[in-house]
>>> print(open('structure.txt').read())   # compact mmCIF, C-alpha atoms
# COMPACT_ATOMS: atom_id res chain seq x y z
CA MET Q 1 -128.77 163.97 54.33
CA THR Q 2 -127.07 161.92 51.64
CA THR Q 3 -123.52 161.11 50.63
CA ARG Q 4 -124.39 161.49 46.96
CA GLU Q 5 -123.66 165.20 46.53
CA GLY Q 6 -126.83 166.35 48.22
CA ASN Q 7 -129.28 164.61 45.89
CA LEU Q 8 -131.58 161.69 46.47
CA GLU Q 9 -131.12 159.96 43.14
CA ALA Q 10 -130.66 156.20 43.13
CA PRO Q 11 -127.24 154.82 42.24
CA THR Q 12 -126.77 154.50 38.51
CA ARG Q 13 -124.24 152.90 36.19
CA HIS Q 14 -122.59 154.72 33.31
CA PRO Q 15 -122.09 152.85 30.03
CA LEU Q 16 -118.73 151.17 29.61
CA GLU Q 17 -116.90 153.30 27.03
CA TRP Q 18 -114.71 150.42 25.89
CA ARG Q 19 -114.48 151.68 22.31
CA SER Q 20 -113.21 155.14 23.24
CA ALA Q 21 -109.62 156.14 22.43
CA ASP Q 22 -108.74 156.57 26.12
CA PHE Q 23 -110.11 153.26 27.41
CA HIS Q 24 -106.99 151.23 26.56
CA ASP Q 25 -104.53 154.08 27.11
CA GLU Q 26 -102.18 152.89 29.88
CA PRO Q 27 -101.18 156.31 31.31
CA GLU Q 28 -104.87 157.26 31.46
CA LEU Q 29 -105.61 153.96 33.20
CA TYR Q 30 -102.89 154.49 35.80
CA ALA Q 31 -104.20 157.98 36.53
CA GLU Q 32 -107.71 156.63 37.13
CA LEU Q 33 -106.43 153.72 39.21
CA GLU Q 34 -104.55 156.15 41.44
CA ARG Q 35 -107.61 158.40 41.79
CA ILE Q 36 -109.98 155.59 42.73
CA PHE Q 37 -107.47 153.78 44.95
CA ASP Q 38 -106.93 156.99 46.90
CA ILE Q 39 -110.67 157.35 47.49
CA CYS Q 40 -110.88 153.70 48.60
CA HIS Q 41 -107.91 154.25 50.95
CA GLY Q 42 -109.76 157.09 52.66
CA CYS Q 43 -112.92 155.02 53.11
CA ARG Q 44 -112.01 151.34 53.57
CA ARG Q 45 -115.62 150.17 53.91
CA CYS Q 46 -114.99 147.30 51.48
CA VAL Q 47 -112.10 145.71 53.40
CA SER Q 48 -114.16 142.64 54.33
CA LEU Q 49 -115.60 141.86 50.88
CA CYS Q 50 -112.76 140.09 49.10
CA THR Q 51 -108.96 140.02 48.87
CA ALA Q 52 -108.60 142.93 46.42
CA PHE Q 53 -109.21 145.64 49.00
CA PRO Q 54 -106.99 144.20 51.76
CA ARG Q 55 -104.23 143.89 49.15
CA LEU Q 56 -104.67 147.54 48.16
CA PHE Q 57 -104.63 148.77 51.74
CA ASP Q 58 -101.58 146.66 52.60
CA LEU Q 59 -99.70 148.16 49.65
CA ILE Q 60 -100.57 151.66 50.85
CA ASP Q 61 -99.82 151.01 54.52
CA GLU Q 62 -96.47 149.42 53.69
CA SER Q 63 -95.41 152.21 51.31
CA SER Q 64 -92.85 154.87 52.20
CA SER Q 65 -95.47 157.62 52.52
CA GLY Q 66 -98.41 155.59 53.83
CA GLU Q 67 -100.43 157.06 50.96
CA ILE Q 68 -101.18 155.95 47.41
CA ASP Q 69 -98.40 158.13 46.00
CA GLY Q 70 -95.89 155.89 47.76
CA VAL Q 71 -97.02 152.74 45.92
CA ASP Q 72 -95.15 151.64 42.81
CA LYS Q 73 -97.72 151.75 39.99
CA LYS Q 74 -96.64 148.32 38.81
CA ARG Q 75 -98.01 146.96 42.09
CA TYR Q 76 -101.49 148.18 41.11
CA TRP Q 77 -101.76 144.94 39.14
CA ASP Q 78 -101.63 142.99 42.41
CA VAL Q 79 -105.02 144.53 43.21
CA VAL Q 80 -106.44 144.05 39.71
CA ASP Q 81 -105.56 140.35 39.71
CA GLN Q 82 -107.34 139.81 43.04
CA CYS Q 83 -110.63 141.25 41.70
CA TYR Q 84 -113.04 138.73 40.17
CA LEU Q 85 -115.73 141.29 39.25
CA CYS Q 86 -118.44 140.14 41.65
CA ASP Q 87 -119.79 143.76 41.72
CA MET Q 88 -120.64 143.60 45.41
CA CYS Q 89 -118.53 146.63 46.33
CA TYR Q 90 -120.54 148.73 43.88
CA VAL Q 91 -123.91 147.37 44.94
CA VAL Q 92 -123.71 147.07 48.73
CA LYS Q 93 -120.82 149.11 50.09
CA CYS Q 94 -119.55 152.11 48.15
CA PRO Q 95 -121.10 155.51 49.04
CA TYR Q 96 -119.36 157.22 46.10
CA VAL Q 97 -120.94 155.48 43.11
CA PRO Q 98 -122.67 157.67 40.47
CA PRO Q 99 -124.41 160.08 40.68
CA HIS Q 100 -121.86 161.12 43.33
CA ALA Q 101 -119.35 163.49 41.74
CA TRP Q 102 -116.46 161.16 42.59
CA ASN Q 103 -117.94 158.63 40.17
CA VAL Q 104 -116.43 155.50 41.71
CA ASP Q 105 -117.10 152.30 39.78
CA PHE Q 106 -114.44 149.95 41.11
CA PRO Q 107 -115.54 146.83 39.16
CA HIS Q 108 -115.58 148.64 35.83
CA LEU Q 109 -112.17 150.13 36.59
CA MET Q 110 -110.85 146.63 37.25
CA LEU Q 111 -112.48 145.47 34.02
CA ARG Q 112 -110.77 148.29 32.15
CA ALA Q 113 -107.41 147.26 33.63
CA LYS Q 114 -107.98 143.64 32.64
CA ALA Q 115 -108.86 144.80 29.11
CA VAL Q 116 -105.60 146.77 28.88
CA LYS Q 117 -103.67 143.75 30.10
CA PHE Q 118 -105.40 141.51 27.57
CA ARG Q 119 -104.76 143.86 24.65
CA LYS Q 120 -101.08 144.07 25.61
CA GLY Q 121 -100.86 140.28 25.27
CA GLU Q 122 -100.05 139.73 28.94
CA THR Q 123 -102.92 137.31 29.67
CA ARG Q 124 -101.85 133.74 30.42
CA PHE Q 125 -102.72 130.89 28.05
CA ARG Q 126 -104.35 129.12 31.01
CA ASP Q 127 -106.77 131.99 31.49
CA LYS Q 128 -107.67 132.13 27.80
CA LEU Q 129 -108.24 128.38 27.82
CA LEU Q 130 -110.47 128.34 30.89
CA SER Q 131 -112.62 131.14 29.48
CA SER Q 132 -113.22 129.24 26.21
CA THR Q 133 -116.17 127.33 27.61
CA ASP Q 134 -117.73 126.39 24.28
CA ALA Q 135 -114.49 125.08 22.81
CA ILE Q 136 -113.67 122.99 25.90
CA GLY Q 137 -117.23 121.76 26.30
CA LYS Q 138 -117.64 120.64 22.69
CA LEU Q 139 -114.54 118.49 23.03
CA ALA Q 140 -114.78 117.33 26.65
CA ALA Q 141 -118.48 116.41 26.45
CA ILE Q 142 -118.02 113.94 23.60
CA PRO Q 143 -119.00 110.43 24.74
CA VAL Q 144 -115.96 108.40 25.88
CA VAL Q 145 -113.92 111.62 25.94
CA ALA Q 146 -116.14 112.87 28.79
CA GLN Q 147 -115.54 109.74 30.85
CA THR Q 148 -111.79 110.03 30.26
CA VAL Q 149 -111.68 113.72 31.19
CA ASN Q 150 -113.71 113.09 34.33
CA ALA Q 151 -111.41 110.23 35.37
CA VAL Q 152 -108.33 112.40 34.85
CA ASN Q 153 -109.89 115.22 36.88
CA ARG Q 154 -110.40 112.79 39.78
CA ASN Q 155 -106.87 111.38 39.64
CA GLY Q 156 -104.42 112.94 42.12
CA ALA Q 157 -101.30 112.26 40.07
CA ALA Q 158 -102.88 113.65 36.91
CA ARG Q 159 -104.07 116.74 38.77
CA ALA Q 160 -100.55 117.37 40.09
CA VAL Q 161 -99.28 117.33 36.50
CA MET Q 162 -102.14 119.63 35.45
CA GLU Q 163 -101.24 122.10 38.19
CA GLN Q 164 -97.62 122.19 37.04
CA ALA Q 165 -98.58 122.50 33.38
CA ILE Q 166 -101.37 125.07 33.36
CA GLY Q 167 -101.92 126.26 36.94
CA VAL Q 168 -105.23 124.61 37.83
CA HIS Q 169 -105.05 123.80 41.54
CA ARG Q 170 -104.84 120.10 42.24
CA ASP Q 171 -107.29 120.25 45.16
CA ARG Q 172 -110.08 122.08 43.34
CA ARG Q 173 -112.93 119.68 42.64
CA LEU Q 174 -113.91 120.33 39.06
CA PRO Q 175 -117.41 119.89 37.63
CA PRO Q 176 -117.79 116.78 35.47
CA TYR Q 177 -118.54 116.82 31.76
CA SER Q 178 -121.68 115.05 30.62
CA PRO Q 179 -121.59 112.74 27.57
CA SER Q 180 -125.23 113.67 26.97
CA ARG Q 181 -125.62 117.37 26.13
CA PHE Q 182 -128.70 119.23 27.26
CA ARG Q 183 -129.54 120.71 23.86
CA THR Q 184 -129.23 117.32 22.13
CA ALA Q 185 -131.61 115.61 24.53
CA ALA Q 186 -134.04 118.46 25.21
CA SER Q 187 -135.53 119.58 21.90
CA ALA Q 188 -138.91 121.09 22.76
CA SER Q 189 -141.64 118.55 22.08
CA ALA Q 190 -144.71 119.36 20.04
CA ALA Q 191 -146.80 119.03 23.19
CA HIS Q 192 -145.07 121.95 24.81
CA ALA Q 193 -143.90 124.06 21.89
CA VAL Q 194 -145.73 127.29 21.09
CA ARG Q 195 -147.72 127.22 17.87
CA ASP Q 196 -147.56 130.27 15.61
CA GLY Q 197 -150.18 132.81 16.60
CA GLU Q 198 -151.11 130.98 19.80
CA ARG Q 199 -152.14 133.20 22.71
CA THR Q 200 -150.94 131.94 26.08
CA PRO Q 201 -150.77 133.28 29.65
CA GLY Q 202 -147.01 133.18 29.26
CA LYS Q 203 -144.43 131.48 27.07
CA VAL Q 204 -140.77 130.86 27.70
CA ALA Q 205 -137.60 130.59 25.65
CA VAL Q 206 -134.76 128.73 27.36
CA PHE Q 207 -131.15 129.83 26.86
CA ALA Q 208 -129.31 126.66 27.84
CA THR Q 209 -125.89 128.12 28.90
CA CYS Q 210 -122.54 126.38 28.52
CA TYR Q 211 -122.60 124.93 32.03
CA VAL Q 212 -126.02 123.32 31.70
CA ASN Q 213 -125.30 122.12 28.18
CA TYR Q 214 -121.93 120.49 28.90
CA ASN Q 215 -121.65 119.94 32.67
CA GLU Q 216 -124.98 119.50 34.44
CA PRO Q 217 -127.74 118.98 31.86
CA GLY Q 218 -130.02 117.72 34.63
CA ILE Q 219 -130.53 121.31 35.78
CA GLY Q 220 -131.92 122.22 32.36
CA HIS Q 221 -134.15 119.14 32.24
CA ASP Q 222 -135.50 120.01 35.69
CA LEU Q 223 -136.40 123.49 34.43
CA LEU Q 224 -138.28 121.98 31.49
CA LYS Q 225 -140.17 119.58 33.78
CA ILE Q 226 -141.25 122.49 35.97
CA LEU Q 227 -142.43 124.44 32.93
CA GLU Q 228 -144.36 121.40 31.68
CA HIS Q 229 -145.95 120.82 35.10
CA ASN Q 230 -147.14 124.42 35.09
CA ALA Q 231 -148.42 124.17 31.50
CA ILE Q 232 -146.06 126.91 30.37
CA PRO Q 233 -145.27 126.56 26.65
CA TYR Q 234 -141.55 126.73 25.91
CA VAL Q 235 -138.97 126.59 23.16
CA LEU Q 236 -135.19 126.37 23.22
CA ALA Q 237 -133.25 129.21 21.66
CA GLU Q 238 -132.59 127.85 18.18
CA LYS Q 239 -128.84 128.33 18.56
CA GLU Q 240 -126.50 129.80 21.11
CA ALA Q 241 -122.89 130.42 22.02
CA CYS Q 242 -121.36 131.31 25.39
CA CYS Q 243 -123.01 134.40 26.89
CA GLY Q 244 -119.57 136.04 27.09
CA MET Q 245 -119.18 136.40 30.85
CA PRO Q 246 -115.93 134.37 31.04
CA LYS Q 247 -114.41 136.53 28.30
CA LEU Q 248 -115.66 139.70 30.01
CA GLU Q 249 -113.96 138.70 33.26
CA LEU Q 250 -110.76 138.15 31.26
CA GLY Q 251 -110.93 141.60 29.67
CA ASP Q 252 -111.35 140.13 26.18
CA LEU Q 253 -114.06 142.57 25.15
CA ASP Q 254 -113.71 141.96 21.42
CA SER Q 255 -114.66 138.31 22.00
CA VAL Q 256 -117.63 139.46 24.08
CA ALA Q 257 -118.75 141.55 21.09
CA ARG Q 258 -118.37 138.58 18.72
CA LEU Q 259 -120.44 136.33 20.99
CA LYS Q 260 -123.05 139.04 21.32
CA GLU Q 261 -123.42 139.08 17.51
CA ILE Q 262 -124.16 135.33 17.57
CA ASN Q 263 -126.67 135.32 20.43
CA THR Q 264 -128.46 138.65 20.40
CA PRO Q 265 -130.28 138.47 17.02
CA VAL Q 266 -131.75 135.07 17.95
CA LEU Q 267 -132.78 136.15 21.43
CA ALA Q 268 -134.11 139.52 20.22
CA ARG Q 269 -136.49 137.77 17.83
CA LEU Q 270 -137.78 135.68 20.72
CA ALA Q 271 -138.10 138.74 22.96
CA ARG Q 272 -140.10 140.62 20.34
CA GLY Q 273 -142.25 137.52 19.89
CA GLY Q 274 -143.40 137.83 23.48
CA TYR Q 275 -141.21 135.20 25.08
CA ALA Q 276 -139.74 135.49 28.54
CA ILE Q 277 -136.14 134.29 28.23
CA LEU Q 278 -134.87 132.12 31.11
CA THR Q 279 -131.35 130.99 31.93
CA ALA Q 280 -130.45 128.69 34.82
CA VAL Q 281 -127.07 130.36 35.48
CA PRO Q 282 -127.11 133.77 37.24
CA SER Q 283 -123.94 134.98 35.49
CA CYS Q 284 -125.57 134.46 32.09
CA THR Q 285 -128.75 136.23 33.17
CA LEU Q 286 -126.67 139.13 34.51
CA MET Q 287 -124.68 139.31 31.28
CA TYR Q 288 -127.83 139.97 29.28
CA LYS Q 289 -129.55 142.12 31.89
CA GLN Q 290 -126.63 144.41 32.75
CA GLU Q 291 -123.22 143.92 31.16
CA LEU Q 292 -124.19 143.85 27.49
CA PRO Q 293 -126.56 146.84 27.85
CA LEU Q 294 -123.68 148.78 29.45
CA MET Q 295 -121.33 147.79 26.63
CA PHE Q 296 -123.86 148.44 23.84
CA PRO Q 297 -126.25 151.09 25.21
CA GLU Q 298 -127.54 152.13 21.78
CA ASP Q 299 -128.29 148.62 20.51
CA ALA Q 300 -132.06 148.08 20.34
CA ASP Q 301 -131.72 144.31 20.15
CA VAL Q 302 -129.60 144.22 23.30
CA LYS Q 303 -132.23 146.28 25.12
CA ALA Q 304 -135.05 144.02 23.93
CA VAL Q 305 -133.23 140.96 25.23
CA ALA Q 306 -132.45 142.66 28.56
CA ASP Q 307 -136.12 143.51 29.04
CA ALA Q 308 -137.18 139.92 28.32
CA MET Q 309 -134.48 138.18 30.40
CA PHE Q 310 -135.51 136.59 33.72
CA ASP Q 311 -133.99 134.47 36.42
CA PRO Q 312 -136.23 131.37 36.56
CA PHE Q 313 -137.39 131.99 40.12
CA GLU Q 314 -138.00 135.65 39.37
CA TYR Q 315 -140.33 134.42 36.63
CA PHE Q 316 -142.02 131.86 38.88
CA VAL Q 317 -142.74 134.50 41.53
CA LEU Q 318 -144.37 136.71 38.91
CA ARG Q 319 -146.50 133.75 37.79
CA ASN Q 320 -147.48 133.09 41.38
CA ARG Q 321 -148.54 136.70 41.92
CA ASP Q 322 -150.85 136.28 38.92
CA GLY Q 323 -152.25 133.07 40.42
CA LEU Q 324 -150.72 130.95 37.66
CA LEU Q 325 -148.03 128.96 39.50
CA ARG Q 326 -149.08 125.49 40.64
CA THR Q 327 -148.58 124.86 44.34
CA ASP Q 328 -149.52 121.17 44.38
CA PHE Q 329 -146.30 120.21 46.11
CA ALA Q 330 -146.03 116.48 46.82
CA LYS Q 331 -142.87 116.25 48.90
CA PRO Q 332 -141.38 118.36 51.72
CA LEU Q 333 -137.75 119.39 51.38
CA GLY Q 334 -136.93 119.49 55.08
CA LYS Q 335 -134.06 121.81 56.01
CA VAL Q 336 -132.48 123.64 53.07
CA SER Q 337 -129.37 125.81 53.36
CA TYR Q 338 -129.63 128.16 50.41
CA HIS Q 339 -126.81 130.40 49.16
CA ILE Q 340 -127.53 133.52 47.10
CA PRO Q 341 -124.66 134.01 44.61
CA CYS Q 342 -123.23 137.47 43.99
CA HIS Q 343 -124.30 137.57 40.34
CA LEU Q 344 -127.88 137.03 41.43
CA ARG Q 345 -127.73 139.59 44.25
CA VAL Q 346 -126.54 142.35 41.92
CA GLN Q 347 -129.60 141.85 39.72
CA LYS Q 348 -131.58 143.51 42.55
CA ILE Q 349 -134.60 141.24 42.21
CA GLY Q 350 -134.79 140.21 45.87
CA GLN Q 351 -134.70 136.69 47.27
CA LYS Q 352 -137.03 135.07 44.75
CA THR Q 353 -135.56 131.56 45.02
CA ARG Q 354 -136.02 131.57 48.79
CA GLU Q 355 -139.58 132.88 48.34
CA VAL Q 356 -140.53 129.95 46.11
CA LEU Q 357 -138.78 127.26 48.16
CA GLN Q 358 -140.51 128.48 51.32
CA MET Q 359 -143.85 127.87 49.63
CA VAL Q 360 -143.19 124.12 49.90
CA PRO Q 361 -144.87 122.68 53.05
CA GLY Q 362 -142.50 121.01 55.48
CA THR Q 363 -139.57 123.11 54.30
CA THR Q 364 -137.41 125.58 56.20
CA VAL Q 365 -134.80 127.67 54.39
CA ASN Q 366 -131.59 128.93 55.96
CA THR Q 367 -130.53 131.78 53.65
CA VAL Q 368 -126.84 132.72 53.32
CA GLU Q 369 -126.23 136.04 51.59
CA ARG Q 370 -122.46 136.29 51.24
CA CYS Q 371 -119.86 135.73 48.51
CA SER Q 372 -118.73 132.10 48.31
CA GLY Q 373 -115.33 133.12 46.92
CA HIS Q 374 -115.25 130.88 43.83
CA ASP Q 375 -116.49 133.15 41.05
CA GLY Q 376 -116.18 131.49 37.66
CA THR Q 377 -112.64 130.34 36.94
CA TRP Q 378 -110.92 132.50 39.61
CA GLY Q 379 -111.13 129.91 42.39
CA VAL Q 380 -109.84 127.18 40.08
CA LYS Q 381 -106.46 128.84 39.56
CA SER Q 382 -103.51 127.74 41.67
CA GLU Q 383 -102.57 131.22 42.86
CA TYR Q 384 -106.11 132.06 44.04
CA TYR Q 385 -107.40 128.71 45.32
CA GLN Q 386 -106.42 129.31 48.96
CA ASN Q 387 -107.94 132.80 48.89
CA SER Q 388 -111.17 131.39 47.44
CA MET Q 389 -111.40 128.91 50.32
CA LYS Q 390 -110.63 131.66 52.86
CA ILE Q 391 -113.32 133.96 51.46
CA GLY Q 392 -115.77 131.05 51.47
CA GLY Q 393 -115.03 130.03 55.06
CA PRO Q 394 -117.88 131.97 56.69
CA VAL Q 395 -120.27 130.70 54.00
CA PHE Q 396 -119.24 127.09 54.63
CA GLN Q 397 -119.97 127.52 58.34
CA GLN Q 398 -123.32 129.24 57.82
CA MET Q 399 -124.45 126.70 55.23
CA ALA Q 400 -123.64 123.84 57.62
CA SER Q 401 -125.64 125.44 60.43
CA GLY Q 402 -128.58 123.35 61.59
CA ASP Q 403 -127.49 120.13 59.83
CA PRO Q 404 -129.39 120.75 56.57
CA ASP Q 405 -130.86 118.02 54.41
CA TYR Q 406 -129.87 119.96 51.28
CA ILE Q 407 -127.37 122.67 50.36
CA SER Q 408 -128.22 124.71 47.31
CA SER Q 409 -127.12 127.71 45.28
CA ASP Q 410 -128.47 129.20 42.06
CA CYS Q 411 -124.84 129.17 40.90
CA ALA Q 412 -124.02 125.47 40.45
CA ILE Q 413 -120.27 126.14 40.58
CA ALA Q 414 -120.66 128.00 43.88
CA GLY Q 415 -122.70 125.06 45.16
CA ARG Q 416 -119.84 122.66 44.35
CA HIS Q 417 -117.35 125.01 45.99
CA ILE Q 418 -119.49 125.22 49.14
CA GLN Q 419 -119.89 121.45 49.27
CA GLN Q 420 -116.13 121.05 49.03
CA GLY Q 421 -115.58 123.58 51.81
CA MET Q 422 -118.18 121.97 54.07
CA GLY Q 423 -117.13 118.38 53.40
CA VAL Q 424 -118.90 116.31 50.79
CA ASN Q 425 -120.93 114.15 53.19
CA ARG Q 426 -122.49 116.95 55.22
CA ALA Q 427 -125.63 117.31 53.05
CA ALA Q 428 -126.96 116.55 49.58
CA ARG Q 429 -126.14 119.26 47.03
CA GLU Q 430 -128.95 120.11 44.64
CA HIS Q 431 -129.69 123.11 42.44
CA PRO Q 432 -132.82 125.08 43.47
CA LEU Q 433 -134.54 124.03 40.22
CA THR Q 434 -133.90 120.40 41.15
CA LEU Q 435 -135.33 121.03 44.62
CA LEU Q 436 -138.47 122.53 43.10
CA ARG Q 437 -138.81 119.54 40.76
CA ILE Q 438 -138.43 117.20 43.76
CA ALA Q 439 -141.04 119.18 45.70
CA TYR Q 440 -143.49 118.79 42.81
CA GLY Q 441 -142.88 115.03 42.92
CA LEU Q 442 -141.75 114.97 39.29
>>> encode(input="structure.txt", output="structure tokens")
Amino acid sequence: MTTREGNLEAPTRHPLEWRSADFHDEPELYAELERIFDICHGCRRCVSLCTAFPRLFDLIDESSSGEIDGVDKKRYWDVVDQCYLCDMCYVVKCPYVPPHAWNVDFPHLMLRAKAVKFRKGETRFRDKLLSSTDAIGKLAAIPVVAQTVNAVNRNGAARAVMEQAIGVHRDRRLPPYSPSRFRTAASASAAHAVRDGERTPGKVAVFATCYVNYNEPGIGHDLLKILEHNAIPYVLAEKEACCGMPKLELGDLDSVARLKEINTPVLARLARGGYAILTAVPSCTLMYKQELPLMFPEDADVKAVADAMFDPFEYFVLRNRDGLLRTDFAKPLGKVSYHIPCHLRVQKIGQKTREVLQMVPGTTVNTVERCSGHDGTWGVKSEYYQNSMKIGGPVFQQMASGDPDYISSDCAIAGRHIQQGMGVNRAAREHPLTLLRIAYGL
């Protein structure tokens, strides 16, 4: 027996019809919000996932009728604002996703609502600013400027002013900006570049990502060292802009389309040239694997990039299965508490990072598969900071279990959030790529 209208088809995702006439129609949106919210009210399986569902159910339970028809439609936005589009309700909980006739896609409904809000001009300047990762990074990562920005971000008085001015919570530890950008320092050397016409057992193109380029370039350099150690030829994507995920989460779909026009032609040429494309940030990988194909289902270039896009550890596991991954590990990692971020889980590739780390002798991995609660810029904002720490509470406890030597997450921002929640001195925080580089003795 199945809950999906008597068929045994796997869950599927319909394209996002963001260019249709009805998509930004507010009465149509309210009708769909009421329909989906009523289904969620009758199910309530997702109550433990985040704060969006408890907020919805509280609104219903406190209404005059105890049903969705008793909730003022303006209060629907309370639910929308609590959703940070992690996709976990769709992937792990909801029994009514397509092909079920009820066609429940809660994350895409929330995205539609955010898009309506954005088009109406009701999005805060703070939110637009935080989602402009390239613009901020190009300025904040300038030498001298980077040191000044980092000092301000560590200063309590300055952070109090920042909270008052733009609504960034004073207690949120922000990632630093690096005065040395990844792309500037990491041009592929002739020794490791792919020569025209060369046949190899695999070649890689690296999409740097905003975070690696401006905040933690060491993650990108560690990836290149691992590729070099495994004699995997690589190139950097010749140019790139933000993948578009921050703008997607804001509902600014026109900006997503503009960024896609910058990145996709470059990446599609690499994909058709036989390159596997790697990014060290799960949200960026997911953007190219899932979100852009759902926004542009007829675009052949988008499909080519999606087919060529890999999480780095997904790629390493495939190499290992072909007997091509080096296992000459020189250093044990001891006890590693490893967190799987939501945007990696929804790619449905399994626990590939854990699989590789467990190959290292003298290493035990405590795997935590639960939302950390940060999610991009959501946990930075004053009004959501406390909720982000509450959602992350169980993760902080599980990650601290067993007194680990390292804490690690494929999402570097989630790793920082977890370290803050645990207490900064509990264990060293390192990205999984850094741990693999350490294990190789590089």
>>> closest_residue(input="structure.txt", among="Q:Lys128, Q:Arg319, Q:His339, Q:Lys381", to="Thr353 (chain Q)", atoms="all atoms listed in the file")
Q:His339
>>> residues_near_point(input="structure.txt", point="(-128.4, 130.4, 27.2)", cutoff="12 Å", atoms="only C-alpha atoms", output="count of residues only")
48
>>> closest_residue(input="structure.txt", among="Q:Pro54, Q:Pro297, Q:Pro11, Q:Gly441", to="Pro332 (chain Q)", atoms="only C-alpha atoms")
Q:Gly441
>>> closest_residue(input="structure.txt", among="Q:Asp38, Q:Asp87, Q:Asp58, Q:Glu163", to="Cys371 (chain Q)", atoms="all atoms listed in the file")
Q:Asp87
>>> residues_near_point(input="structure.txt", point="(-143.3, 116.9, 49.7)", cutoff="9 Å", atoms="all atoms listed in the file", output="PDB file with C-alpha atoms, in the frame of the given file")
ATOM      1  CA  PHE Q 329    -146.300 120.210  46.110  1.00  0.00           C
ATOM      2  CA  ALA Q 330    -146.030 116.480  46.820  1.00  0.00           C
ATOM      3  CA  LYS Q 331    -142.870 116.250  48.900  1.00  0.00           C
ATOM      4  CA  PRO Q 332    -141.380 118.360  51.720  1.00  0.00           C
ATOM      5  CA  LEU Q 333    -137.750 119.390  51.380  1.00  0.00           C
ATOM      6  CA  GLY Q 334    -136.930 119.490  55.080  1.00  0.00           C
ATOM      7  CA  VAL Q 360    -143.190 124.120  49.900  1.00  0.00           C
ATOM      8  CA  PRO Q 361    -144.870 122.680  53.050  1.00  0.00           C
ATOM      9  CA  GLY Q 362    -142.500 121.010  55.480  1.00  0.00           C
ATOM     10  CA  THR Q 363    -139.570 123.110  54.300  1.00  0.00           C
ATOM     11  CA  ILE Q 438    -138.430 117.200  43.760  1.00  0.00           C
ATOM     12  CA  ALA Q 439    -141.040 119.180  45.700  1.00  0.00           C
ATOM     13  CA  TYR Q 440    -143.490 118.790  42.810  1.00  0.00           C
ATOM     14  CA  GLY Q 441    -142.880 115.030  42.920  1.00  0.00           C
TER      15      GLY Q 441
END
>>> residues_around(input="structure.txt", residues="Cys86 (chain Q)", least_positions_apart="2", cutoff="7 Å", atoms="all atoms listed in the file", output="VMD selection string")
chain Q and resid 84 88 342 to 343
>>> atom_distance(input="structure.txt", atom1="CA of Glu298 (chain Q)", atom2="CA of Glu32 (chain Q)")
25.5 Å
>>> residues_around(input="structure.txt", residues="Val152 (chain Q)", least_positions_apart="4", cutoff="12 Å", atoms="all atoms listed in the file", output="PDB file with C-alpha atoms, in the coordinates of the input")
ATOM      1  CA  ALA Q 140    -114.780 117.330  26.650  1.00  0.00           C
ATOM      2  CA  VAL Q 145    -113.920 111.620  25.940  1.00  0.00           C
ATOM      3  CA  ALA Q 146    -116.140 112.870  28.790  1.00  0.00           C
ATOM      4  CA  GLN Q 147    -115.540 109.740  30.850  1.00  0.00           C
ATOM      5  CA  THR Q 148    -111.790 110.030  30.260  1.00  0.00           C
ATOM      6  CA  GLY Q 156    -104.420 112.940  42.120  1.00  0.00           C
ATOM      7  CA  ALA Q 157    -101.300 112.260  40.070  1.00  0.00           C
ATOM      8  CA  ALA Q 158    -102.880 113.650  36.910  1.00  0.00           C
ATOM      9  CA  ARG Q 159    -104.070 116.740  38.770  1.00  0.00           C
ATOM     10  CA  ALA Q 160    -100.550 117.370  40.090  1.00  0.00           C
ATOM     11  CA  VAL Q 161     -99.280 117.330  36.500  1.00  0.00           C
ATOM     12  CA  MET Q 162    -102.140 119.630  35.450  1.00  0.00           C
ATOM     13  CA  ARG Q 170    -104.840 120.100  42.240  1.00  0.00           C
ATOM     14  CA  ARG Q 173    -112.930 119.680  42.640  1.00  0.00           C
ATOM     15  CA  LEU Q 174    -113.910 120.330  39.060  1.00  0.00           C
ATOM     16  CA  PRO Q 176    -117.790 116.780  35.470  1.00  0.00           C
ATOM     17  CA  TYR Q 177    -118.540 116.820  31.760  1.00  0.00           C
TER      18      TYR Q 177
END
>>> atom_distance(input="structure.txt", atom1="CA of Asp69 (chain Q)", atom2="CA of Phe118 (chain Q)")
25.8 Å
>>> atom_distance(input="structure.txt", atom1="CA of Ser131 (chain Q)", atom2="CA of Cys94 (chain Q)")
28.9 Å
>>> residues_around(input="structure.txt", residues="Gln82 (chain Q)", least_positions_apart="3", cutoff="9 Å", atoms="all atoms listed in the file", output="NGL selection string")
:Q and (50-53 or 55 or 77-79 or 378 or 384)
>>> residues_around(input="structure.txt", residues="Leu56 (chain Q)", least_positions_apart="3", cutoff="12 Å", atoms="all atoms listed in the file", output="PyMOL selection string")
chain Q and resi 33-34+36-42+44+46-47+50-53+59-63+66-68+71-73+75-83
>>> residues_around(input="structure.txt", residues="Gly421 (chain Q)", least_positions_apart="3", cutoff="8 Å", atoms="all atoms listed in the file", output="list in words")
Met389, Gly392, Gly393, Phe396, His417 and Ile418 of chain Q
>>> closest_residue(input="structure.txt", among="Q:Arg112, Q:Arg437, Q:Arg35, Q:Lys138", to="Asp22 (chain Q)", atoms="all atoms listed in the file")
Q:Arg112
>>> closest_residue(input="structure.txt", among="Q:Ile413, Q:Leu253, Q:Ala115, Q:Val356", to="Leu325 (chain Q)", atoms="all atoms listed in the file")
Q:Val356
>>> closest_residue(input="structure.txt", among="Q:Ala306, Q:Glu383, Q:Gln290, Q:Gly202", to="Gln347 (chain Q)", atoms="all atoms listed in the file")
Q:Gln290
